[in-house]
file start11.csv (CSV, C-alpha atoms)
chain,number,residue,atom,x,y,z
T,1,MET,CA,78.3,162.9,114.4
T,2,ALA,CA,75.9,164.9,112.3
T,3,LEU,CA,77.2,163.3,109.0
T,4,PRO,CA,76.1,159.7,109.8
T,5,ARG,CA,72.6,161.0,110.9
T,6,VAL,CA,72.3,162.8,107.6
T,7,CYS,CA,73.4,159.7,105.7
T,8,LEU,CA,70.9,157.5,107.5
T,9,TRP,CA,68.1,160.0,106.8
T,10,ALA,CA,69.2,160.1,103.1
T,11,VAL,CA,69.2,156.3,102.9
T,12,TRP,CA,65.7,156.2,104.4
T,13,VAL,CA,64.4,158.8,101.9
T,14,LEU,CA,65.9,156.8,99.0
T,15,ARG,CA,64.4,153.6,100.4
T,16,VAL,CA,60.9,155.1,100.6
T,17,ALA,CA,61.3,156.5,97.0
T,18,LEU,CA,62.2,153.0,95.7
T,19,ALA,CA,59.4,151.2,97.5
T,20,THR,CA,56.1,150.8,95.6
T,21,VAL,CA,53.1,151.5,97.7
T,22,TYR,CA,50.0,150.2,96.0
T,23,PHE,CA,47.6,151.0,98.8
T,24,GLN,CA,47.8,152.7,102.2
T,25,GLU,CA,44.9,153.7,104.4
T,26,GLU,CA,45.1,155.2,107.9
T,27,PHE,CA,41.7,157.0,108.2
T,28,ILE,CA,43.3,160.2,109.3
T,29,ASP,CA,41.0,162.5,107.3
T,30,GLY,CA,37.7,162.0,109.1
T,31,GLU,CA,34.6,161.0,107.2
T,32,ARG,CA,36.3,161.3,103.8
T,33,TRP,CA,37.0,157.6,104.0
T,34,ARG,CA,33.4,157.1,102.7
T,35,ASN,CA,34.6,158.4,99.3
T,36,ARG,CA,37.2,155.7,99.1
T,37,TRP,CA,35.4,152.7,100.6
T,38,VAL,CA,32.3,151.2,99.0
T,39,GLN,CA,29.7,149.4,101.2
T,40,SER,CA,28.2,146.4,99.5
T,41,THR,CA,24.4,146.6,98.8
T,42,ASN,CA,24.2,142.9,97.8
T,43,ASN,CA,22.2,142.2,101.0
T,44,SER,CA,20.1,144.7,102.9
T,45,GLN,CA,21.0,142.9,106.1
T,46,PHE,CA,24.7,143.5,105.8
T,47,GLY,CA,26.1,145.3,108.9
T,48,HIS,CA,27.4,148.8,108.8
T,49,PHE,CA,30.8,150.3,109.6
T,50,ARG,CA,31.7,153.5,111.5
T,51,LEU,CA,34.9,155.3,112.1
T,52,SER,CA,36.0,154.8,115.7
T,53,SER,CA,39.1,154.4,117.9
T,54,GLY,CA,37.2,152.3,120.4
T,55,LYS,CA,36.7,152.5,124.1
T,56,PHE,CA,40.5,152.6,124.8
T,57,TYR,CA,43.3,153.6,122.4
T,58,GLY,CA,46.8,154.9,122.1
T,59,HIS,CA,45.9,158.0,120.2
T,60,LYS,CA,42.3,159.1,119.7
T,61,GLU,CA,42.8,160.2,116.0
T,62,LYS,CA,45.5,157.9,114.8
T,63,ASP,CA,43.8,154.8,116.2
T,64,LYS,CA,40.5,155.4,114.3
T,65,GLY,CA,39.6,152.7,111.9
T,66,LEU,CA,36.6,150.8,110.4
T,67,GLN,CA,34.6,149.4,113.3
T,68,THR,CA,31.8,146.8,113.0
T,69,THR,CA,28.6,148.0,114.7
T,70,GLN,CA,25.9,145.4,114.6
T,71,ASN,CA,25.8,141.9,116.2
T,72,GLY,CA,25.1,138.8,114.2
T,73,ARG,CA,25.7,140.3,110.8
T,74,PHE,CA,27.7,139.8,107.6
T,75,TYR,CA,29.9,142.7,106.5
T,76,ALA,CA,31.1,143.6,103.1
T,77,ILE,CA,33.1,146.7,102.2
T,78,SER,CA,36.0,147.4,99.9
T,79,ALA,CA,38.4,150.0,98.5
T,80,ARG,CA,39.8,150.1,94.9
T,81,PHE,CA,43.3,151.2,93.8
T,82,LYS,CA,45.3,151.2,90.6
T,83,PRO,CA,45.6,147.6,89.3
T,84,PHE,CA,49.1,146.0,89.3
T,85,SER,CA,50.8,142.6,88.8
T,86,SER,CA,52.9,141.0,91.5
T,87,LYS,CA,54.8,138.9,88.9
T,88,GLY,CA,58.5,138.8,89.8
T,89,LYS,CA,57.9,141.0,92.9
T,90,THR,CA,57.5,140.6,96.6
T,91,LEU,CA,53.9,141.2,97.7
T,92,ILE,CA,53.2,142.4,101.3
T,93,ILE,CA,49.7,142.7,102.8
T,94,GLN,CA,49.6,144.4,106.2
T,95,TYR,CA,46.9,145.9,108.5
T,96,THR,CA,45.9,146.1,112.2
T,97,VAL,CA,42.9,144.6,113.9
T,98,LYS,CA,41.5,145.0,117.4
T,99,HIS,CA,38.8,142.8,118.8
T,100,GLU,CA,38.1,145.1,121.8
T,101,GLN,CA,34.8,143.2,122.3
T,102,LEU,CA,36.8,140.1,123.0
T,103,MET,CA,35.7,138.2,120.0
T,104,ASP,CA,33.8,135.0,120.6
T,105,CYS,CA,33.0,134.1,117.0
T,106,GLY,CA,33.8,136.0,113.9
T,107,GLY,CA,36.3,137.0,111.3
T,108,GLY,CA,39.0,139.6,111.4
T,109,TYR,CA,40.6,138.9,108.1
T,110,VAL,CA,41.0,140.9,104.8
T,111,LYS,CA,40.6,139.9,101.2
T,112,VAL,CA,42.6,141.1,98.2
T,113,PHE,CA,40.5,141.1,95.0
T,114,PRO,CA,41.0,141.3,91.2
T,115,ALA,CA,40.5,144.8,89.7
T,116,ASP,CA,37.2,143.9,88.1
T,117,VAL,CA,35.5,143.0,91.4
T,118,ASP,CA,31.9,144.3,91.7
T,119,GLN,CA,32.2,146.4,94.8
T,120,LYS,CA,28.5,147.2,95.1
T,121,ASN,CA,27.7,143.4,95.0
T,122,LEU,CA,30.6,142.2,97.1
T,123,ASN,CA,29.6,139.0,99.0
T,124,GLY,CA,30.9,135.6,100.0
T,125,LYS,CA,30.9,134.3,96.5
T,126,SER,CA,33.0,137.1,95.1
T,127,GLN,CA,36.3,135.7,93.7
T,128,TYR,CA,39.4,136.9,95.6
T,129,TYR,CA,43.1,136.3,95.2
T,130,ILE,CA,44.2,136.2,98.8
T,131,MET,CA,42.5,135.9,102.2
T,132,PHE,CA,44.6,136.7,105.2
T,133,GLY,CA,44.0,137.3,108.9
T,134,PRO,CA,42.6,136.0,112.2
T,135,ASP,CA,39.4,134.0,112.6
T,136,ILE,CA,38.0,133.1,116.0
T,137,CYS,CA,35.1,130.9,116.9
T,138,GLY,CA,34.7,129.1,120.3
T,139,PHE,CA,37.5,127.1,121.7
T,140,ASP,CA,38.5,125.3,118.5
T,141,ILE,CA,39.1,128.0,115.9
T,142,LYS,CA,41.7,130.6,116.8
T,143,LYS,CA,43.8,130.7,113.6
T,144,VAL,CA,45.3,133.0,111.0
T,145,HIS,CA,43.9,132.2,107.6
T,146,VAL,CA,46.2,132.4,104.6
T,147,ILE,CA,44.3,131.3,101.5
T,148,LEU,CA,45.6,131.7,98.0
T,149,HIS,CA,43.6,131.4,94.7
T,150,PHE,CA,45.4,129.1,92.3
T,151,LYS,CA,44.2,127.4,89.1
T,152,ASN,CA,40.6,128.3,89.9
T,153,GLN,CA,40.6,126.9,93.4
T,154,TYR,CA,41.2,128.2,96.9
T,155,HIS,CA,44.1,126.6,98.8
T,156,SER,CA,44.7,127.0,102.6
T,157,ASN,CA,48.0,126.9,104.3
T,158,LYS,CA,48.2,123.5,106.0
T,159,LYS,CA,50.0,124.8,109.0
T,160,SER,CA,48.1,125.8,112.1
T,161,ILE,CA,48.9,129.5,112.8
T,162,ARG,CA,47.5,130.8,116.0
T,163,CYS,CA,46.1,134.3,116.2
T,164,LYS,CA,45.9,136.8,119.1
T,165,VAL,CA,42.7,136.5,121.1
T,166,ASP,CA,42.9,139.5,123.5
T,167,GLY,CA,41.2,142.9,123.1
T,168,PHE,CA,44.3,144.9,122.0
T,169,THR,CA,45.4,146.1,118.6
T,170,HIS,CA,47.7,143.7,116.7
T,171,LEU,CA,49.7,144.1,113.5
T,172,TYR,CA,49.3,141.3,110.9
T,173,THR,CA,51.7,141.0,108.0
T,174,LEU,CA,51.8,138.5,105.1
T,175,VAL,CA,54.9,138.4,102.8
T,176,LEU,CA,54.8,136.5,99.5
T,177,ARG,CA,58.1,136.4,97.7
T,178,PRO,CA,58.9,135.6,94.0
T,179,ASP,CA,61.2,132.7,95.1
T,180,LEU,CA,58.0,131.0,96.4
T,181,THR,CA,58.8,131.5,100.1
T,182,TYR,CA,56.4,133.3,102.5
T,183,GLU,CA,56.3,134.7,106.0
T,184,VAL,CA,53.5,135.5,108.4
T,185,LYS,CA,54.2,138.1,111.1
T,186,ILE,CA,52.2,139.2,114.1
T,187,ASP,CA,53.3,142.4,115.8
T,188,GLY,CA,56.4,142.5,113.6
T,189,GLN,CA,57.6,139.1,114.7
T,190,GLY,CA,57.7,136.2,112.3
T,191,ILE,CA,55.6,133.3,113.5
T,192,GLU,CA,55.5,131.1,110.4
T,193,SER,CA,57.4,130.8,107.2
T,194,GLY,CA,58.3,128.2,104.5
T,195,SER,CA,57.6,127.2,101.0
T,196,ILE,CA,54.3,128.2,99.2
T,197,GLU,CA,54.5,125.0,97.1
T,198,TYR,CA,54.6,122.6,100.1
T,199,ASP,CA,52.8,124.5,102.8
T,200,TRP,CA,49.7,124.9,100.6
T,201,ASN,CA,49.6,121.2,99.6
T,202,LEU,CA,50.2,122.1,96.0
T,203,THR,CA,52.8,119.4,95.3
T,204,SER,CA,49.8,117.2,94.2
T,205,LEU,CA,49.0,119.9,91.6
T,206,GLN,CA,52.7,119.9,90.5
T,207,LYS,CA,52.6,116.1,90.1
T,208,MET,CA,49.4,116.3,88.2
T,209,GLU,CA,50.7,118.9,85.8
T,210,THR,CA,54.1,117.2,85.5
T,211,SER,CA,52.5,113.8,84.9
T,212,SER,CA,50.3,115.3,82.2
T,213,ALA,CA,53.2,117.1,80.6
T,214,GLU,CA,55.4,114.0,80.8
T,215,SER,CA,52.7,111.8,79.3
T,216,LYS,CA,52.3,114.3,76.4
T,217,ASP,CA,56.1,114.4,76.0
T,218,TRP,CA,56.5,110.7,76.1
T,219,ASP,CA,53.7,110.1,73.6
T,220,GLN,CA,55.3,112.6,71.2
T,221,ALA,CA,58.8,111.1,71.9
T,222,GLU,CA,57.6,107.6,71.3
T,223,GLY,CA,55.8,108.7,68.1
T,224,ASP,CA,58.9,110.3,66.8
T,225,ILE,CA,60.9,107.1,67.6
T,226,PHE,CA,58.4,104.9,65.9
T,227,GLN,CA,58.2,107.2,62.9
T,228,ASP,CA,62.0,107.3,62.5
T,229,GLN,CA,62.1,103.5,62.9
T,230,GLY,CA,59.3,103.0,60.3
T,231,LYS,CA,60.9,105.4,57.9
T,232,HIS,CA,64.2,103.6,58.3
T,233,PHE,CA,62.6,100.2,57.7
T,234,LEU,CA,60.7,101.4,54.6
T,235,ASP,CA,63.8,103.0,53.2
T,236,ALA,CA,65.7,99.8,53.7
T,237,SER,CA,62.9,97.7,52.1
T,238,ALA,CA,62.7,100.0,49.1
T,239,ASN,CA,66.4,99.6,48.5
T,240,LYS,CA,66.0,95.8,48.6
T,241,SER,CA,62.6,95.6,46.9
T,242,SER,CA,64.0,93.4,44.2
T,243,ASP,CA,65.6,91.0,46.6
T,244,TRP,CA,62.7,88.8,47.9
T,245,ASN,CA,64.9,85.8,48.4
T,246,ARG,CA,66.2,86.8,51.8
T,247,THR,CA,66.9,84.0,54.2
T,248,GLU,CA,64.4,83.0,56.9
T,249,LEU,CA,66.8,84.4,59.5
T,250,ASP,CA,66.7,87.8,57.9
T,251,ARG,CA,62.9,87.8,57.9
T,252,GLN,CA,62.7,86.7,61.5
T,253,GLY,CA,65.2,89.4,62.4
T,254,GLN,CA,63.1,92.0,60.7
T,255,ALA,CA,59.9,90.8,62.2
T,256,SER,CA,61.6,90.8,65.6
T,257,MET,CA,62.5,94.5,65.1
T,258,LEU,CA,58.9,95.4,64.3
T,259,GLN,CA,57.3,93.4,67.1
T,260,LYS,CA,59.7,94.5,69.9
T,261,PRO,CA,60.5,98.2,69.7
T,262,PRO,CA,63.6,99.4,71.7
T,263,ASN,CA,61.5,100.9,74.5
T,264,GLN,CA,59.6,97.8,75.5
T,265,GLY,CA,60.1,96.7,79.1
T,266,GLY,CA,61.1,100.2,80.3
T,267,LEU,CA,62.8,103.1,78.8
T,268,LYS,CA,66.1,104.4,80.1
T,269,PRO,CA,67.9,107.6,79.3
T,270,GLU,CA,70.6,105.8,77.3
T,271,GLY,CA,67.9,103.9,75.4
T,272,ILE,CA,66.4,106.9,73.7
T,273,ASN,CA,67.4,110.1,72.1
T,274,LYS,CA,69.4,112.1,74.6
T,275,HIS,CA,67.8,115.4,73.6
T,276,ILE,CA,64.3,114.1,74.4
T,277,TRP,CA,65.4,112.9,77.8
T,278,LEU,CA,67.0,116.3,78.7
T,279,HIS,CA,63.9,118.1,77.4
T,280,ARG,CA,61.7,115.9,79.8
T,281,LYS,CA,63.9,116.8,82.8
T,282,MET,CA,63.9,120.5,81.9
T,283,LYS,CA,60.1,120.4,81.5
T,284,ASN,CA,59.8,119.2,85.1
T,285,THR,CA,61.9,121.9,86.6
T,286,ASN,CA,60.1,124.5,84.6
T,287,TYR,CA,56.8,123.8,86.4
T,288,LEU,CA,57.2,126.5,89.1
T,289,THR,CA,58.2,129.1,86.4
T,290,GLU,CA,55.1,128.4,84.3
T,291,TYR,CA,52.7,128.3,87.2
T,292,ASP,CA,54.1,130.7,89.8
T,293,LEU,CA,52.0,130.4,92.9
T,294,SER,CA,52.9,133.8,94.2
T,295,GLU,CA,51.9,135.8,91.1
T,296,PHE,CA,48.6,137.6,90.7
T,297,GLU,CA,48.2,139.5,87.4
T,298,ASN,CA,45.4,142.1,88.1
T,299,ILE,CA,45.2,143.0,91.8
T,300,GLY,CA,43.0,146.0,92.2
T,301,ALA,CA,41.0,146.1,95.5
T,302,ILE,CA,41.1,145.2,99.2
T,303,GLY,CA,38.1,144.6,101.4
T,304,LEU,CA,36.4,143.1,104.4
T,305,GLU,CA,33.9,140.3,103.8
T,306,LEU,CA,33.2,138.5,107.0
T,307,TRP,CA,30.7,137.4,109.7
T,308,GLN,CA,30.7,138.5,113.3
T,309,VAL,CA,28.5,137.3,116.2
T,310,ARG,CA,29.5,140.2,118.4
T,311,SER,CA,30.5,143.5,116.7
T,312,GLY,CA,33.2,146.0,117.8
T,313,THR,CA,36.3,145.0,115.8
T,314,ILE,CA,38.4,147.8,114.5
T,315,PHE,CA,40.4,147.6,111.2
T,316,ASP,CA,43.1,150.1,110.5
T,317,ASN,CA,46.6,150.9,108.9
T,318,PHE,CA,46.0,148.9,105.7
T,319,LEU,CA,49.1,148.6,103.5
T,320,ILE,CA,49.9,146.8,100.2
T,321,THR,CA,53.5,147.2,99.0
T,322,ASP,CA,56.5,145.4,97.5
T,323,ASP,CA,59.0,146.5,100.0
T,324,GLU,CA,59.5,144.6,103.3
T,325,GLU,CA,61.5,147.3,105.0
T,326,TYR,CA,58.9,149.9,104.1
T,327,ALA,CA,56.2,147.7,105.7
T,328,GLU,CA,58.2,147.3,108.8
T,329,ASN,CA,58.8,151.0,109.2
T,330,PHE,CA,55.1,151.8,108.5
T,331,GLY,CA,54.1,149.3,111.2
T,332,ARG,CA,56.5,150.9,113.7
T,333,ALA,CA,55.2,154.4,112.8
T,334,THR,CA,51.5,153.4,113.3
T,335,TRP,CA,50.9,150.4,115.5
T,336,GLY,CA,54.3,150.7,117.1
T,337,GLU,CA,53.7,154.2,118.3
T,338,THR,CA,50.3,153.6,119.9
T,339,LYS,CA,50.5,150.1,121.2
T,340,GLY,CA,52.0,151.1,124.6
T,341,PRO,CA,49.6,154.0,125.3
T,342,GLU,CA,46.7,151.8,124.3
T,343,ARG,CA,47.6,149.3,127.0
T,344,GLU,CA,48.2,152.0,129.5
T,345,MET,CA,44.7,153.5,128.9
T,346,HIS,CA,43.2,150.0,129.2
T,347,ALA,CA,45.0,149.4,132.5
T,348,ILE,CA,43.7,152.7,133.9
T,349,GLN,CA,40.2,151.9,132.8
T,350,ALA,CA,40.4,148.4,134.3
T,351,LYS,CA,41.5,149.9,137.7
T,352,GLU,CA,38.7,152.4,137.6
T,353,GLU,CA,36.2,149.6,136.8
T,354,ILE,CA,37.5,147.5,139.7
T,355,LYS,CA,37.3,150.5,142.0
T,356,LYS,CA,33.7,151.3,140.9
T,357,ALA,CA,32.7,147.6,141.3
T,358,ARG,CA,34.2,147.5,144.8
T,359,GLU,CA,32.4,150.7,145.8
T,360,GLU,CA,29.1,149.3,144.5
T,361,VAL,CA,29.5,146.1,146.5
T,362,GLU,CA,30.4,148.0,149.7
T,363,GLU,CA,27.4,150.2,149.3
T,364,LEU,CA,25.2,147.2,148.8
T,365,LEU,CA,26.6,145.6,151.9
T,366,ARG,CA,26.1,148.8,153.9
T,367,GLY,CA,22.5,148.9,152.7
T,368,LYS,CA,21.9,145.4,154.0
T,369,SER,CA,23.5,146.2,157.4
T,370,TYR,CA,21.3,149.3,158.1
T,371,ARG,CA,18.0,148.3,156.5
T,372,PRO,CA,15.0,148.9,158.8
T,373,GLU,CA,13.5,146.0,160.6
T,374,SER,CA,10.3,144.5,159.3
T,375,ASN,CA,7.0,145.1,161.2
T,376,PHE,CA,6.9,141.3,161.8
T,377,ARG,CA,10.2,141.3,163.7
T,378,ARG,CA,9.3,144.4,165.8
T,379,PHE,CA,5.9,143.0,166.7
T,380,HIS,CA,7.3,139.6,167.5
T,381,ARG,CA,9.9,141.1,169.8
T,382,ARG,CA,7.2,143.1,171.7
T,383,GLY,CA,4.9,140.1,172.1
T,384,GLU,CA,2.2,141.8,170.1
T,385,LEU,CA,1.4,138.7,168.1
call {"tool": "encode", "arguments": {"input": "start11.csv", "output": "structure tokens"}}
result
Amino acid sequence: MALPRVCLWAVWVLRVALATVYFQEEFIDGERWRNRWVQSTNNSQFGHFRLSSGKFYGHKEKDKGLQTTQNGRFYAISARFKPFSSKGKTLIIQYTVKHEQLMDCGGGYVKVFPADVDQKNLNGKSQYYIMFGPDICGFDIKKVHVILHFKNQYHSNKKSIRCKVDGFTHLYTLVLRPDLTYEVKIDGQGIESGSIEYDWNLTSLQKMETSSAESKDWDQAEGDIFQDQGKHFLDASANKSSDWNRTELDRQGQASMLQKPPNQGGLKPEGINKHIWLHRKMKNTNYLTEYDLSEFENIGAIGLELWQVRSGTIFDNFLITDDEEYAENFGRATWGETKGPEREMHAIQAKEEIKKAREEVEELLRGKSYRPESNFRRFHRRGEL
């Protein structure tokens, strides 16, 4: 039985070795996180972060993360890493977030930035590649944002993805694959997936690009056809330059050829050069290769740029990698290990709070039962008034 265990261990080690981890942050080295994360100074009113595991947790040290500390503030902080391109690779963004203050209005999402982002001046206008995570405000907004930057515009996923609204830690995972499929997971469970092209309403961009390309191709194709026809006509005329005594029928036929080109009234594949038609069809199918919606060339930073009415949210266990299995195992080794104890601690605290509240009510009731009578009631009873 020992051999299979050794083999499984060897497979896992090999898997970890093959995975590319671009960024990983667990805040397990105390205050050294301040050397890696840069607080924006763009606005003096930006809120500040501290390292905390919160009021309840699964492990006091492992559950420490960046916690917002001031109500009614914008927050902007980021960490840089070695730039990379996601071209031809799977891109996975994962982290945990806990709204222990029971968020009423505010963001819990992360942003992935180009390598040249100005960290000191990070703000709401800073360009980003991807925005992902929960956003809560009132009864209407309880969603997971998935916003991609494409062709100098931001595009949101058109599907409504509901986020978690309780006070516990949750694991959020976004997977963008090179085949233009995606998946959103919460707590390791897939809750939404599909096509990047269609679920971000980018088919209109495809049509626009295709239409533009087709128009250009058709103009060129038609120009080539007319040029060939004109050359053919001029060559024929040159050969018969001495013969001006053609019949009226010949002249009408030639005029008819000039006035009514072959593509009038609609052009069909069999009516034009076959190679031009095939090139047009190949141009259409090449669209997603030319403008790959899941590719970002210069990823170099991750950050939090958000607003919160009530502070207290904790962000932890950040991961950017190209390996889905590694992300799953990392999630199990972090959030998976502490989620149970966290809920147990919360349950114990809740029981203690209920017990304390009950004792306070009983004490209040006892105080009302044994309070001294007022002078008015004593005098009234004795007939002294």
call {"tool": "closest_atom_pairs", "arguments": {"input": "start11.csv", "of": "segment 103-195 of chain T", "to": "segment 46-60 of chain T", "cutoff": "12 Å", "atoms": "only C-alpha atoms", "output": "Markdown table"}}
result
| residue | atom | partner | partner_atom | distance |
| --- | --- | --- | --- | --- |
| T:Lys120 | CA | T:Phe46 | CA | 11.9 |
| T:Asn121 | CA | T:Phe46 | CA | 11.2 |
| T:Leu122 | CA | T:Phe46 | CA | 10.6 |
| T:Asn123 | CA | T:Phe46 | CA | 9.5 |
| T:Gly124 | CA | T:Phe46 | CA | 11.6 |
| T:Gly167 | CA | T:Phe56 | CA | 9.9 |
| T:Phe168 | CA | T:Tyr57 | CA | 8.8 |
| T:Thr169 | CA | T:Tyr57 | CA | 8.7 |
call {"tool": "residues_around", "arguments": {"input": "start11.csv", "residues": "Thr96 of chain T", "least_positions_apart": "4", "cutoff": "6 Å", "atoms": "all atoms listed in the file", "output": "number ranges by chain"}}
result
T: 170-171, 315-317
call {"tool": "atom_distance", "arguments": {"input": "start11.csv", "atom1": "atom CA of Asn71 of chain T", "atom2": "atom CA of Leu306 of chain T"}}
result
12.3 Å
call {"tool": "atom_distance", "arguments": {"input": "start11.csv", "atom1": "atom CA of Gln153 of chain T", "atom2": "atom CA of Leu319 of chain T"}}
result
25.4 Å
call {"tool": "closest_residue", "arguments": {"input": "start11.csv", "among": "T:Leu293, T:Ile302, T:Ile320, T:Val21", "to": "Lys151 of chain T", "atoms": "all atoms listed in the file"}}
result
T:Leu293
call {"tool": "atom_distance", "arguments": {"input": "start11.csv", "atom1": "atom CA of His346 of chain T", "atom2": "atom CA of Gly30 of chain T"}}
result
24.0 Å
call {"tool": "closest_residue", "arguments": {"input": "start11.csv", "among": "T:Phe139, T:Tyr129, T:Phe296, T:Tyr198", "to": "Met103 of chain T", "atoms": "only C-alpha atoms"}}
result
T:Phe139
call {"tool": "residues_around", "arguments": {"input": "start11.csv", "residues": "segment 37-40 of chain T", "least_positions_apart": "3", "cutoff": "7 Å", "atoms": "only C-alpha atoms", "output": "count of residues only"}}
result
10
call {"tool": "closest_residue", "arguments": {"input": "start11.csv", "among": "T:Gly107, T:Pro341, T:Pro114, T:Gly133", "to": "Phe84 of chain T", "atoms": "only C-alpha atoms"}}
result
T:Pro114
call {"tool": "residues_around", "arguments": {"input": "start11.csv", "residues": "Ser86 of chain T", "least_positions_apart": "2", "cutoff": "7 Å", "atoms": "only C-alpha atoms", "output": "ChimeraX atom specification"}}
result
/T:84,88-91,295-297
call {"tool": "closest_residue", "arguments": {"input": "start11.csv", "among": "T:Lys98, T:His149, T:Arg73, T:Arg80", "to": "Glu342 of chain T", "atoms": "only C-alpha atoms"}}
result
T:Lys98
call {"tool": "residues_near_point", "arguments": {"input": "start11.csv", "point": "(50.9, 138.8, 99.7)", "cutoff": "6 Å", "atoms": "all atoms listed in the file", "output": "JSON, numbers by chain"}}
result
{"T": [91, 92, 93, 174, 175, 176]}
call {"tool": "residues_around", "arguments": {"input": "start11.csv", "residues": "Asp29 of chain T", "least_positions_apart": "5", "cutoff": "12 Å", "atoms": "only C-alpha atoms", "output": "JSON, numbers by chain"}}
result
{"T": [34, 35, 36, 51, 61, 62, 64, 65]}
call {"tool": "closest_residue", "arguments": {"input": "start11.csv", "among": "T:Pro178, T:Gly106, T:Gly188, T:Pro83", "to": "Ala327 of chain T", "atoms": "all atoms listed in the file"}}
result
T:Gly188
call {"tool": "residues_around", "arguments": {"input": "start11.csv", "residues": "His99 of chain T", "least_positions_apart": "6", "cutoff": "9 Å", "atoms": "only C-alpha atoms", "output": "list in words"}}
result
Gly108, Val165, Asp166, Gly167, Phe168, Thr169, Ser311, Gly312, Thr313 and Ile314 of chain T
call {"tool": "write_last_selection", "arguments": {"input": "start11.csv", "atoms": "C-alpha atoms", "output": "compact mmCIF listing (two decimals), keeping the file's coordinate frame"}}
result
# COMPACT_ATOMS: atom_id res chain seq x y z
CA GLY T 108 39.00 139.60 111.40
CA VAL T 165 42.70 136.50 121.10
CA ASP T 166 42.90 139.50 123.50
CA GLY T 167 41.20 142.90 123.10
CA PHE T 168 44.30 144.90 122.00
CA THR T 169 45.40 146.10 118.60
CA SER T 311 30.50 143.50 116.70
CA GLY T 312 33.20 146.00 117.80
CA THR T 313 36.30 145.00 115.80
CA ILE T 314 38.40 147.80 114.50
call {"tool": "closest_residue", "arguments": {"input": "start11.csv", "among": "T:Leu202, T:Tyr128, T:Thr173, T:Lys111", "to": "Ser156 of chain T", "atoms": "only C-alpha atoms"}}
result
T:Leu202
call {"tool": "decode", "arguments": {"input": "start11.csv", "residues": "segment 80-101 of chain T", "atoms": "C-alpha atoms", "output": "PDB file, in the first residue's frame"}}
result
ATOM      1  CA  ARG T  80       3.383  44.152  -7.930  1.00  0.00           C
ATOM      2  CA  PHE T  81       4.870  40.946  -9.389  1.00  0.00           C
ATOM      3  CA  LYS T  82       6.957  39.885 -12.374  1.00  0.00           C
ATOM      4  CA  PRO T  83       5.023  40.787 -15.557  1.00  0.00           C
ATOM      5  CA  PHE T  84       3.700  37.983 -17.736  1.00  0.00           C
ATOM      6  CA  SER T  85       1.452  37.337 -20.725  1.00  0.00           C
ATOM      7  CA  SER T  86      -1.581  35.065 -20.549  1.00  0.00           C
ATOM      8  CA  LYS T  87      -1.499  34.411 -24.304  1.00  0.00           C
ATOM      9  CA  GLY T  88      -2.258  30.771 -24.990  1.00  0.00           C
ATOM     10  CA  LYS T  89      -2.553  30.001 -21.263  1.00  0.00           C
ATOM     11  CA  THR T  90      -5.250  29.499 -18.678  1.00  0.00           C
ATOM     12  CA  LEU T  91      -5.472  32.450 -16.289  1.00  0.00           C
ATOM     13  CA  ILE T  92      -6.796  31.877 -12.764  1.00  0.00           C
ATOM     14  CA  ILE T  93      -7.484  34.613 -10.206  1.00  0.00           C
ATOM     15  CA  GLN T  94      -8.420  33.446  -6.713  1.00  0.00           C
ATOM     16  CA  TYR T  95      -8.737  34.935  -3.234  1.00  0.00           C
ATOM     17  CA  THR T  96     -10.851  34.853  -0.076  1.00  0.00           C
ATOM     18  CA  VAL T  97     -13.051  37.626   1.271  1.00  0.00           C
ATOM     19  CA  LYS T  98     -14.954  37.872   4.559  1.00  0.00           C
ATOM     20  CA  HIS T  99     -17.597  40.549   5.216  1.00  0.00           C
ATOM     21  CA  GLU T 100     -17.710  39.937   8.970  1.00  0.00           C
ATOM     22  CA  GLN T 101     -19.408  43.318   9.440  1.00  0.00           C
TER      23      GLN T 101
END
